[in-house]
Amino acid sequence: MPELPEVESLRRGLEKRIIGQKIRRIEVRKPKLVSGKGNVRAASAAKKARFTRGLTGQRFTAVERRAKNLIFRFASGKILLVHLKMSGQFVYKERGRAKVMGGHPIKISESELPNKHTHVIFELSRGTLFYNDTRMFGYLLYYPDQASFEKENHFAALGVEPLSPAFTADYLYKALHAKKGALKPVLMNQGIVAGLGNIYADEAAFAAGIRPGRKANTLTRAEVLKLHAAIKKILPRAIRLGGSSVISYRLLDESRGNYAREHKVYNRAGEECLICALPLKKITVGGRTTVYCQRCQR
DNA sequence: CCTAACCCCTGCTTGC
DNA sequence: TGCAAGCAGGGGTTAG
């Protein structure tokens, strides 16, 4: 489940590989994924044609990230917005043999693509970009220009970027104290902090020594400071390691991110707490599987 | 104003 | 061993 560090890692890989390249051909195998919300089957064919026509021949100029969204910009001003949701992934394969780019040899994948989970294929100048998505919750949205992108205002409900200066301990304190519910749903609320998901919410809560189920408005100033510092420390570390590869998340070259091996609680229910050795407890908070240490987290 | 439930979808896990 | 039901999960939407 790609969260901010995974999407950011992917963004960096995409930036390195595809900027400057042109889209030669597009094959949309699952029109639903490029049809936006409220899609009716009848509208899908038209949306697919619009998507394909609109982006064929376009040259990539930038790859940006907002929360867990990827924003591809083109020389013409056109825009492609992608959300990977649960299982979306991009894989890029350079045509021909491995060659050195940016000082690193490109890893040639062993897997065969396209496969049954490949829903959109972008043939680029020098290679092929595959969009795979097992659960098909993800989507790719095409905007003909900046104006239409802004008009749709897809990011209207998003809160601050946790790695931006706007995300201060004070901001977090106020947000937490404005809520009556548990801590974890607040951390995962994209309208408050944009980009945290199940993994990093649990990891941050552990690092701060706070139970995910604690009422958000009972956190002290000191606790919020620790939580804020934990988020500011964990996310860059995870990005540096390429994110957490659990389930289907892979980097652009299909390699795995290395942050999963540093998880202290996520996916470790029943295993020993790395601090006190007590078995980690698994509960549900806000409808999400949650793991924490009953002794180290208060 | 909030929270809980539902939904989208497939693959893995569990239980019989 | 096989199969069906259950579950997971981001996040938008709907119901309560």
# chains A, B, ... in the order shown; residues from 1 in each chain; ligands from 1
>>> interface_residues(of="chain B", to="chain A", cutoff="10 Å", atoms="only C-alpha atoms (C1' of nucleotides)", output="VMD selection string")
chain B and resid 2 to 5 8 to 11
>>> closest_atom_pairs(of="chain A", to="chain C", cutoff="12 Å", atoms="only C-alpha atoms (C1' of nucleotides)", output="tab-separated table")
residue	atom	partner	partner_atom	distance
A:Met1	CA	C:DG9	C1'	7.6
A:Pro2	CA	C:DG10	C1'	9.3
A:Glu3	CA	C:DG10	C1'	9.4
A:Lys37	CA	C:DG12	C1'	9.4
A:Gly38	CA	C:DG12	C1'	10.9
A:Ala67	CA	C:DG10	C1'	12.0
A:Lys68	CA	C:DG10	C1'	9.7
A:Asn69	CA	C:DG10	C1'	11.6
A:His83	CA	C:DG10	C1'	9.6
A:Leu84	CA	C:DG10	C1'	9.0
A:Lys85	CA	C:DG10	C1'	5.3
A:Met86	CA	C:DG10	C1'	6.2
A:Ser87	CA	C:DG9	C1'	9.4
A:Gly88	CA	C:DG10	C1'	11.2
A:Arg135	CA	C:DG9	C1'	9.9
A:Met136	CA	C:DG10	C1'	11.6
A:Phe137	CA	C:DG10	C1'	8.3
A:Gly138	CA	C:DG10	C1'	9.1
A:Tyr139	CA	C:DG10	C1'	11.9
A:His154	CA	C:DG12	C1'	11.8
A:Ala157	CA	C:DG12	C1'	11.0
A:Leu158	CA	C:DG11	C1'	11.5
A:Met188	CA	C:DG10	C1'	9.8
A:Asn189	CA	C:DG11	C1'	9.3
A:Gln190	CA	C:DG11	C1'	8.7
A:Gly191	CA	C:DG11	C1'	10.9
A:Ala194	CA	C:DG11	C1'	11.8
A:Gly195	CA	C:DG10	C1'	10.6
A:Leu196	CA	C:DG10	C1'	10.6
A:Gly197	CA	C:DG10	C1'	8.1
A:Asn198	CA	C:DG9	C1'	8.9
A:Ile199	CA	C:DG9	C1'	11.3
A:Ile247	CA	C:DA8	C1'	11.0
A:Thr284	CA	C:DA8	C1'	11.9
A:Gly287	CA	C:DG9	C1'	9.9
A:Arg288	CA	C:DG9	C1'	8.0
A:Thr289	CA	C:DA8	C1'	8.5
>>> atom_distance(atom1="atom CA of A:Ile234", atom2="atom CA of A:Arg17")
26.3 Å
>>> select_by_dssp(residues="stretch 3-219 of chain A", states="helix (DSSP H, G or I)", output="number ranges by chain")
A: 4-18, 31-34, 41-55, 146-152, 169-177, 183-188, 198-208, 216-218
>>> atom_distance(atom1="atom CA of A:Gln58", atom2="atom CA of A:Ala46")
19.5 Å
>>> residues_around(residues="A:Leu70", least_positions_apart="3", cutoff="9 Å", atoms="only C-alpha atoms (C1' of nucleotides)", output="VMD selection string")
chain A and resid 7 to 8 10 to 11 63 to 67 80 to 84
>>> select_by_dssp(residues="stretch 132-173 of chain A", states="strand (DSSP E or B)", output="VMD selection string")
chain A and resid 132 to 133 139 to 143 160
